[in-house]
Amino acid sequence: MSRVVVVGAGVGGLAVAARLACLGHHVTVCEAADEVGGKLGTFERDGFRFDTGPSLLTMPAVFQELFAATGGWPTGLELQRLDPIARYRFADGSTLDSTDDLEQMCRRLEAWSPGSGADWRAFLSRAERIWEASKGPFLESALHGSRSLAALAVTRPTDLATLAPGRSLRDLGRRHLRDPRLRMLLDRYATYTGSDPRRAPAALASIPFVEQAFGGWYVTGGLRRLADALLDRALEVGVSVRTGTRVVAISDPVRGVTLADGTFLPADVVVANADAAHVYGDLVACPLAARKLARATPSLSGFVLLLAVEGRTPGLAHHNVLFPADYDAEFDAVFGAPARPVEDPTLYVSVPPGQAPEGCAAWFVLVNAPRHGTGRGAVDWRAPGLAEGYADRLLDRLAARGLEVRDRLRWREVITPADLEQRTGAVGGAIYGSSSNGATAAFLRPANRSPVPGLFLVGGSAHPGGGLPLVALSARIVSGLLGPA
Ligand SMILES: Cc1cc2nc3c(=O)[nH]c(=O)nc-3n(C[C@H](O)[C@H](O)[C@H](O)COP(=O)(O)OP(=O)(O)OC[C@H]3O[C@@H](n4cnc5c(N)ncnc54)[C@H](O)[C@@H]3O)c2cc1C
């Protein structure tokens, strides 16, 4: 039996801990915060309950497999298939409800904009091939830098051509989709990896494909329940979870970790679930990995409003996406130098059922935002007045888009990128670690096996990337690399 210390109890940390305990390892999770879950957080006040991070679950099979492999689906954990998955509203006032029923989606698109149903079908068939070509070698396996791509070129040249490594997601949209609104909808999937569609690879087309093929899901009672279920599972299989326990150093080669109170916790293996930039910047000296990571563009962050709203709002679905007239201006602001808050951002409004007192609703509003910091690619979100002023602006923008809530607001809570950094240790509040901007981005993302002997990385800032399903896949990859005790 080997002693494993997992640094961080986000989804990736809890998932890998449960898997490794099932393989016979002796696992201890050290979590700096007082609660587990990391970005999969929650906020409650006066009978209003909010998920503060993820609101949409895709690829549920990944979690079904995770729970099956560690003891079975948890009692009481219920997934709800969403229909519509999202209601999109465009600046011209038109709307579109997305569904995972492909025939219905194509019919809807055809009625909405002649030709778009056929365009979407053709695009998805290409996206499916991208998914099939990428999931084995890239999403379900450890990546070995550009060697993985080179190997693919030799063993499966057609798959490599399908992935179109030199092409952006924007290029792919231009090629397949003639309605600019549908292209905008496709562009949005780049933000699921914290990226700019103009620079993110065409391979990200697999994201709309998996949403279309496997649906969009909600966890009854809130996505946070997934973190609770993962904690329960980890404890059931014998993992020791220590909250309020910050790791300040990892030895090289791995012999253990040093905690903030000076205690040394011996370990044969360390799996870091903390943000890779924090791991390589603060916890262990690995100049090679740190330099490589510094070459990647950090992912975008998010600015969140939690709104306690009185009354019902006609026309709102569970998930609503309100696009601006000029989507590119959003990416110019978020990834610009200097970066700046987006003036007229895409507004994502999630209003899950049953999360507020009778006659009220709990609105989670999220917009893309530059990460927190002082460099040219960041914004100092702690600057006096900035966060509250920007929150006011977002309420103005909601009103301008037909969602006036200012006169029905009991209270609001603001979560800035700086808050996200402070709460979850994500450097700059970058949601996905590094972005997928640029042709080589996937290879700059930290590998699951680090150059430090005995140190592994799991979670959204490591391979294969962020978002709940990929994070859970990274846990599967790492437990596969370690194998049975
Ligand atoms: C606003 C927002 C919306 C999102 N929406 C979605 C969505 O709809 N769907 C989706 O699939 N994904 C979404 N995501 C992304 C998703 O939340 C993340 O990809 C995922 O939760 C990250 O999990 P992780 O395992 O990487 O760990 P994290 O959640 O990053 O947790 C890392 C943990 O490590 C701990 N830690 C850090 N440093 C130390 C240290 N030195 N010692 C001990 N502990 C440490 C932290 O406290 C934290 O608990 C969203 C994220 C955000 C923020």
# chains A, B, ... in the order shown; residues from 1 in each chain; ligands from 1
>>> closest_atom_pairs(of="chain A", to="ligand 1", cutoff="7 Å", atoms="only C-alpha atoms and all ligand atoms", output="tab-separated table")
residue	atom	partner	partner_atom_place_in_ligand_line	distance
A:Val7	CA	ligand 1	43 (C)	4.9
A:Gly8	CA	ligand 1	34 (O)	3.3
A:Ala9	CA	ligand 1	49 (O)	4.9
A:Gly10	CA	ligand 1	31 (O)	3.5
A:Val11	CA	ligand 1	25 (O)	4.1
A:Gly12	CA	ligand 1	25 (O)	3.3
A:Gly13	CA	ligand 1	25 (O)	5.5
A:Cys30	CA	ligand 1	43 (C)	5.2
A:Glu31	CA	ligand 1	44 (N)	3.8
A:Ala32	CA	ligand 1	44 (N)	3.9
A:Ala33	CA	ligand 1	47 (O)	4.9
A:Val36	CA	ligand 1	49 (O)	5.7
A:Gly37	CA	ligand 1	49 (O)	5.5
A:Gly38	CA	ligand 1	49 (O)	3.3
A:Lys39	CA	ligand 1	29 (O)	3.7
A:Leu40	CA	ligand 1	21 (O)	4.9
A:Thr52	CA	ligand 1	1 (C)	6.0
A:Gly53	CA	ligand 1	2 (C)	3.7
A:Pro54	CA	ligand 1	5 (N)	3.3
A:Ser55	CA	ligand 1	8 (O)	4.1
A:Leu56	CA	ligand 1	8 (O)	3.9
A:Leu57	CA	ligand 1	11 (O)	5.3
A:Thr58	CA	ligand 1	11 (O)	6.5
A:Thr245	CA	ligand 1	43 (C)	6.0
A:Arg246	CA	ligand 1	42 (N)	3.8
A:Val247	CA	ligand 1	42 (N)	3.9
A:Val248	CA	ligand 1	41 (N)	5.5
A:Asn273	CA	ligand 1	32 (C)	5.4
A:Ala274	CA	ligand 1	37 (C)	4.0
A:Asp275	CA	ligand 1	30 (O)	6.0
A:His278	CA	ligand 1	38 (N)	6.9
A:Gly302	CA	ligand 1	1 (C)	5.6
A:Val304	CA	ligand 1	1 (C)	6.7
A:Leu366	CA	ligand 1	1 (C)	6.6
A:Leu420	CA	ligand 1	53 (C)	6.9
A:Arg423	CA	ligand 1	47 (O)	6.3
A:Thr424	CA	ligand 1	47 (O)	4.2
A:Gly425	CA	ligand 1	37 (C)	4.5
A:Ala426	CA	ligand 1	30 (O)	6.1
A:Ile431	CA	ligand 1	53 (C)	5.2
A:Tyr432	CA	ligand 1	19 (O)	5.9
A:Val458	CA	ligand 1	25 (O)	6.7
A:Gly459	CA	ligand 1	26 (O)	3.4
A:Gly460	CA	ligand 1	26 (O)	3.6
A:Ser461	CA	ligand 1	26 (O)	6.0
A:Gly466	CA	ligand 1	19 (O)	3.9
A:Gly467	CA	ligand 1	12 (N)	3.5
A:Leu468	CA	ligand 1	11 (O)	3.7
A:Pro469	CA	ligand 1	11 (O)	6.1
A:Val471	CA	ligand 1	25 (O)	5.6
>>> residues_around(residues="stretch 439-451 of chain A", least_positions_apart="2", cutoff="6 Å", atoms="only C-alpha atoms", output="list in words")
Gly145, Leu293, Ser436, Asn437, Leu455, Phe456, Leu457, Ala462 and His463 of chain A
>>> write_last_selection(atoms="N, CA and C atoms", output="mmCIF file, in the first residue's frame")
data_model
loop_
_atom_site.group_PDB
_atom_site.id
_atom_site.type_symbol
_atom_site.label_atom_id
_atom_site.label_comp_id
_atom_site.auth_asym_id
_atom_site.auth_seq_id
_atom_site.Cartn_x
_atom_site.Cartn_y
_atom_site.Cartn_z
ATOM 1 N N GLY A 145 2.861 15.597 -24.627
ATOM 2 C CA GLY A 145 3.289 16.748 -25.410
ATOM 3 C C GLY A 145 2.947 16.575 -26.872
ATOM 4 N N LEU A 293 4.326 26.476 -18.631
ATOM 5 C CA LEU A 293 2.997 26.983 -18.292
ATOM 6 C C LEU A 293 2.901 28.485 -18.572
ATOM 7 N N SER A 436 -7.340 27.482 -24.166
ATOM 8 C CA SER A 436 -6.966 26.696 -25.354
ATOM 9 C C SER A 436 -6.572 27.627 -26.493
ATOM 10 N N ASN A 437 -6.233 28.863 -26.185
ATOM 11 C CA ASN A 437 -5.856 29.806 -27.242
ATOM 12 C C ASN A 437 -4.531 29.395 -27.879
ATOM 13 N N LEU A 455 5.137 13.098 -8.236
ATOM 14 C CA LEU A 455 4.096 14.148 -8.217
ATOM 15 C C LEU A 455 3.218 14.060 -9.464
ATOM 16 N N PHE A 456 1.902 13.998 -9.248
ATOM 17 C CA PHE A 456 0.921 13.931 -10.336
ATOM 18 C C PHE A 456 -0.031 15.115 -10.209
ATOM 19 N N LEU A 457 -0.605 15.513 -11.341
ATOM 20 C CA LEU A 457 -1.548 16.640 -11.338
ATOM 21 C C LEU A 457 -2.923 16.175 -11.800
ATOM 22 N N ALA A 462 -4.993 20.979 -15.319
ATOM 23 C CA ALA A 462 -4.084 19.982 -15.901
ATOM 24 C C ALA A 462 -4.777 19.321 -17.091
ATOM 25 N N HIS A 463 -4.098 18.405 -17.727
ATOM 26 C CA HIS A 463 -4.683 17.648 -18.840
ATOM 27 C C HIS A 463 -5.830 16.784 -18.336
#
>>> residues_around(residues="A:Arg170", least_positions_apart="6", cutoff="9 Å", atoms="only C-alpha atoms", output="PDB file with N, CA and C atoms, in the first residue's frame")
ATOM      1  N   ARG A 183     -23.349  30.939 -35.747  1.00  0.00           N
ATOM      2  CA  ARG A 183     -21.884  30.977 -35.567  1.00  0.00           C
ATOM      3  C   ARG A 183     -21.535  31.521 -34.180  1.00  0.00           C
ATOM      4  N   MET A 184     -22.330  32.499 -33.763  1.00  0.00           N
ATOM      5  CA  MET A 184     -22.108  33.090 -32.439  1.00  0.00           C
ATOM      6  C   MET A 184     -22.334  32.027 -31.369  1.00  0.00           C
ATOM      7  N   LEU A 186     -21.979  28.860 -31.716  1.00  0.00           N
ATOM      8  CA  LEU A 186     -20.838  27.941 -31.729  1.00  0.00           C
ATOM      9  C   LEU A 186     -19.630  28.568 -31.034  1.00  0.00           C
ATOM     10  N   ASP A 187     -19.379  29.842 -31.320  1.00  0.00           N
ATOM     11  CA  ASP A 187     -18.241  30.539 -30.697  1.00  0.00           C
ATOM     12  C   ASP A 187     -18.282  30.401 -29.176  1.00  0.00           C
ATOM     13  N   PRO A 197     -12.749  32.097 -29.260  1.00  0.00           N
ATOM     14  CA  PRO A 197     -13.053  31.232 -30.411  1.00  0.00           C
ATOM     15  C   PRO A 197     -12.192  31.522 -31.630  1.00  0.00           C
ATOM     16  N   ARG A 198     -11.635  32.727 -31.682  1.00  0.00           N
ATOM     17  CA  ARG A 198     -10.811  33.087 -32.841  1.00  0.00           C
ATOM     18  C   ARG A 198      -9.446  32.421 -32.774  1.00  0.00           C
ATOM     19  N   ARG A 199      -9.066  31.978 -31.564  1.00  0.00           N
ATOM     20  CA  ARG A 199      -7.741  31.358 -31.396  1.00  0.00           C
ATOM     21  C   ARG A 199      -7.815  29.924 -30.897  1.00  0.00           C
ATOM     22  N   ALA A 200      -8.994  29.505 -30.446  1.00  0.00           N
ATOM     23  CA  ALA A 200      -9.144  28.142 -29.917  1.00  0.00           C
ATOM     24  C   ALA A 200      -9.249  27.163 -31.084  1.00  0.00           C
ATOM     25  N   PRO A 201      -8.761  25.944 -30.891  1.00  0.00           N
ATOM     26  CA  PRO A 201      -8.726  25.003 -32.016  1.00  0.00           C
ATOM     27  C   PRO A 201     -10.110  24.490 -32.413  1.00  0.00           C
ATOM     28  N   ALA A 202     -10.206  24.119 -33.696  1.00  0.00           N
ATOM     29  CA  ALA A 202     -11.458  23.559 -34.222  1.00  0.00           C
ATOM     30  C   ALA A 202     -11.876  22.310 -33.446  1.00  0.00           C
TER      31      ALA A 202
END
>>> closest_residue(among="A:Leu139, A:Leu182, A:Leu398, A:Ala205", to="A:Gly115", atoms="only C-alpha atoms")
A:Leu182
>>> residues_around(residues="A:Trp217", least_positions_apart="3", cutoff="12 Å", atoms="only C-alpha atoms", output="PyMOL selection string")
chain A and resi 54-61+63+78-86+99-100+210-212+214+220+222-223+318-319+352+468-469
>>> residues_around(residues="A:Glu413", least_positions_apart="2", cutoff="7 Å", atoms="only C-alpha atoms", output="number ranges by chain")
A: 305-307, 411, 415
>>> write_last_selection(atoms="C-alpha atoms", output="compact mmCIF listing (two decimals), in the first residue's frame")
# COMPACT_ATOMS: atom_id res chain seq x y z
CA LEU A 305 -23.99 38.13 -9.49
CA LEU A 306 -26.23 36.17 -7.14
CA LEU A 307 -29.62 37.85 -7.21
CA TRP A 411 -30.36 41.63 -2.22
CA ILE A 415 -18.25 37.29 -6.71
>>> atom_distance(atom1="atom CA of A:Ala472", atom2="atom CA of A:Val27")
17.4 Å
>>> residues_around(residues="A:Ala339", least_positions_apart="6", cutoff="6 Å", atoms="only C-alpha atoms", output="list of chain:residue names")
A:Ala333, A:Gly377, A:Ala378
>>> select_by_dssp(residues="stretch 88-321 of chain A", states="alpha helix (DSSP H)", output="PyMOL selection string")
chain A and resi 102-112+116-134+146-155+157-163+169-176+180-188+206-214+224-236+276-278+287-294
>>> residues_around(residues="A:Gly454", least_positions_apart="5", cutoff="7 Å", atoms="only C-alpha atoms", output="list in words")
Pro253, Val254, Asp268, Val269 and Val270 of chain A
>>> atom_distance(atom1="atom CA of A:Gly24", atom2="atom CA of A:Phe138")
27.2 Å
>>> decode(residues="stretch 94-232 of chain A", atoms="C-alpha atoms", output="compact mmCIF listing (two decimals), in the first residue's frame")
# COMPACT_ATOMS: atom_id res chain seq x y z
CA SER A 94 -34.76 36.53 -31.85
CA THR A 95 -34.55 33.49 -29.58
CA LEU A 96 -33.61 29.86 -29.97
CA ASP A 97 -34.17 26.95 -27.57
CA SER A 98 -31.53 24.23 -27.85
CA THR A 99 -32.41 20.59 -27.30
CA ASP A 100 -30.51 17.31 -27.38
CA ASP A 101 -33.18 15.86 -29.67
CA LEU A 102 -31.33 16.30 -32.97
CA GLU A 103 -34.38 15.99 -35.23
CA GLN A 104 -36.26 18.56 -33.22
CA MET A 105 -33.23 20.83 -33.03
CA CYS A 106 -32.80 20.75 -36.81
CA ARG A 107 -36.52 21.39 -37.37
CA ARG A 108 -36.38 24.31 -34.97
CA LEU A 109 -33.31 25.71 -36.67
CA GLU A 110 -34.83 25.34 -40.11
CA ALA A 111 -37.93 27.28 -39.04
CA TRP A 112 -35.74 29.89 -37.34
CA SER A 113 -33.44 30.44 -40.27
CA PRO A 114 -33.87 28.45 -43.51
CA GLY A 115 -30.81 26.32 -44.19
CA SER A 116 -29.61 26.35 -40.59
CA GLY A 117 -31.07 22.94 -39.76
CA ALA A 118 -29.08 21.35 -42.58
CA ASP A 119 -26.00 23.40 -41.66
CA TRP A 120 -26.18 22.25 -38.04
CA ARG A 121 -26.60 18.61 -39.04
CA ALA A 122 -23.57 18.78 -41.37
CA PHE A 123 -21.55 20.61 -38.74
CA LEU A 124 -22.42 18.01 -36.11
CA SER A 125 -21.41 15.16 -38.33
CA ARG A 126 -17.98 16.81 -38.64
CA ALA A 127 -17.97 17.50 -34.88
CA GLU A 128 -18.76 13.85 -34.18
CA ARG A 129 -15.73 12.76 -36.20
CA ILE A 130 -13.61 15.24 -34.23
CA TRP A 131 -14.98 13.78 -31.00
CA GLU A 132 -14.29 10.21 -32.09
CA ALA A 133 -10.74 11.12 -33.17
CA SER A 134 -9.89 13.06 -30.01
CA LYS A 135 -11.53 11.28 -27.12
CA GLY A 136 -9.25 8.23 -26.93
CA PRO A 137 -5.82 9.73 -27.53
CA PHE A 138 -6.46 13.12 -25.92
CA LEU A 139 -9.33 13.08 -23.41
CA GLU A 140 -9.01 9.61 -21.94
CA SER A 141 -5.22 9.23 -21.97
CA ALA A 142 -2.26 11.03 -20.52
CA LEU A 143 -0.88 13.47 -23.07
CA HIS A 144 2.80 13.27 -23.99
CA GLY A 145 3.29 16.75 -25.41
CA SER A 146 3.37 17.19 -29.17
CA ARG A 147 4.60 13.57 -29.35
CA SER A 148 0.92 12.55 -29.01
CA LEU A 149 0.07 14.50 -32.15
CA ALA A 150 3.11 13.16 -33.99
CA ALA A 151 2.13 9.59 -33.01
CA LEU A 152 -1.38 10.20 -34.31
CA ALA A 153 0.06 11.45 -37.60
CA VAL A 154 1.81 8.12 -38.04
CA THR A 155 -0.80 5.70 -36.70
CA ARG A 156 -4.06 7.43 -37.64
CA PRO A 157 -3.39 10.13 -40.26
CA THR A 158 -7.09 10.48 -41.12
CA ASP A 159 -7.89 11.27 -37.49
CA LEU A 160 -5.21 13.93 -37.48
CA ALA A 161 -6.72 15.53 -40.58
CA THR A 162 -10.16 15.42 -38.91
CA LEU A 163 -8.81 17.35 -35.94
CA ALA A 164 -7.63 20.11 -38.30
CA PRO A 165 -4.87 21.21 -35.92
CA GLY A 166 -4.20 24.54 -37.66
CA ARG A 167 -7.81 25.68 -37.79
CA SER A 168 -9.77 27.67 -35.19
CA LEU A 169 -13.27 27.03 -33.92
CA ARG A 170 -14.27 30.30 -35.59
CA ASP A 171 -12.91 29.00 -38.92
CA LEU A 172 -14.96 25.84 -38.58
CA GLY A 173 -18.12 27.84 -37.86
CA ARG A 174 -17.54 30.03 -40.92
CA ARG A 175 -17.12 26.95 -43.05
CA HIS A 176 -20.27 25.17 -41.93
CA LEU A 177 -22.78 27.70 -40.59
CA ARG A 178 -24.17 30.50 -42.70
CA ASP A 179 -26.36 32.27 -40.09
CA PRO A 180 -24.16 34.62 -38.04
CA ARG A 181 -26.28 33.93 -34.94
CA LEU A 182 -25.58 30.21 -35.18
CA ARG A 183 -21.88 30.98 -35.57
CA MET A 184 -22.11 33.09 -32.44
CA LEU A 185 -23.70 30.18 -30.63
CA LEU A 186 -20.84 27.94 -31.73
CA ASP A 187 -18.24 30.54 -30.70
CA ARG A 188 -19.63 30.41 -27.17
CA TYR A 189 -18.40 26.84 -26.71
CA ALA A 190 -14.82 28.16 -26.77
CA THR A 191 -15.59 29.86 -23.48
CA TYR A 192 -16.33 26.43 -21.94
CA THR A 193 -12.55 26.03 -21.91
CA GLY A 194 -11.94 29.67 -21.02
CA SER A 195 -10.84 30.55 -24.54
CA ASP A 196 -11.26 32.93 -27.46
CA PRO A 197 -13.05 31.23 -30.41
CA ARG A 198 -10.81 33.09 -32.84
CA ARG A 199 -7.74 31.36 -31.40
CA ALA A 200 -9.14 28.14 -29.92
CA PRO A 201 -8.73 25.00 -32.02
CA ALA A 202 -11.46 23.56 -34.22
CA ALA A 203 -11.21 20.41 -32.07
CA LEU A 204 -13.42 22.20 -29.51
CA ALA A 205 -16.32 21.39 -31.83
CA SER A 206 -16.51 18.21 -29.79
CA ILE A 207 -18.11 20.29 -26.98
CA PRO A 208 -21.34 21.14 -28.86
CA PHE A 209 -21.29 17.58 -30.15
CA VAL A 210 -21.31 16.03 -26.67
CA GLU A 211 -24.01 18.46 -25.55
CA GLN A 212 -26.14 17.52 -28.56
CA ALA A 213 -25.44 13.79 -28.24
CA PHE A 214 -25.50 13.29 -24.47
CA GLY A 215 -27.58 16.25 -23.30
CA GLY A 216 -27.32 19.00 -20.70
CA TRP A 217 -28.13 18.02 -17.13
CA TYR A 218 -28.96 19.50 -13.76
CA VAL A 219 -28.47 17.82 -10.39
CA THR A 220 -31.72 18.03 -8.45
CA GLY A 221 -31.18 20.41 -5.55
CA GLY A 222 -28.12 22.00 -7.17
CA LEU A 223 -24.87 20.86 -8.75
CA ARG A 224 -23.16 21.25 -5.42
CA ARG A 225 -24.76 17.92 -4.46
CA LEU A 226 -22.22 16.29 -6.72
CA ALA A 227 -19.39 17.52 -4.49
CA ASP A 228 -21.25 16.30 -1.39
CA ALA A 229 -21.75 12.89 -3.02
CA LEU A 230 -18.06 12.72 -3.96
CA LEU A 231 -17.05 13.57 -0.40
CA ASP A 232 -19.36 10.88 0.98
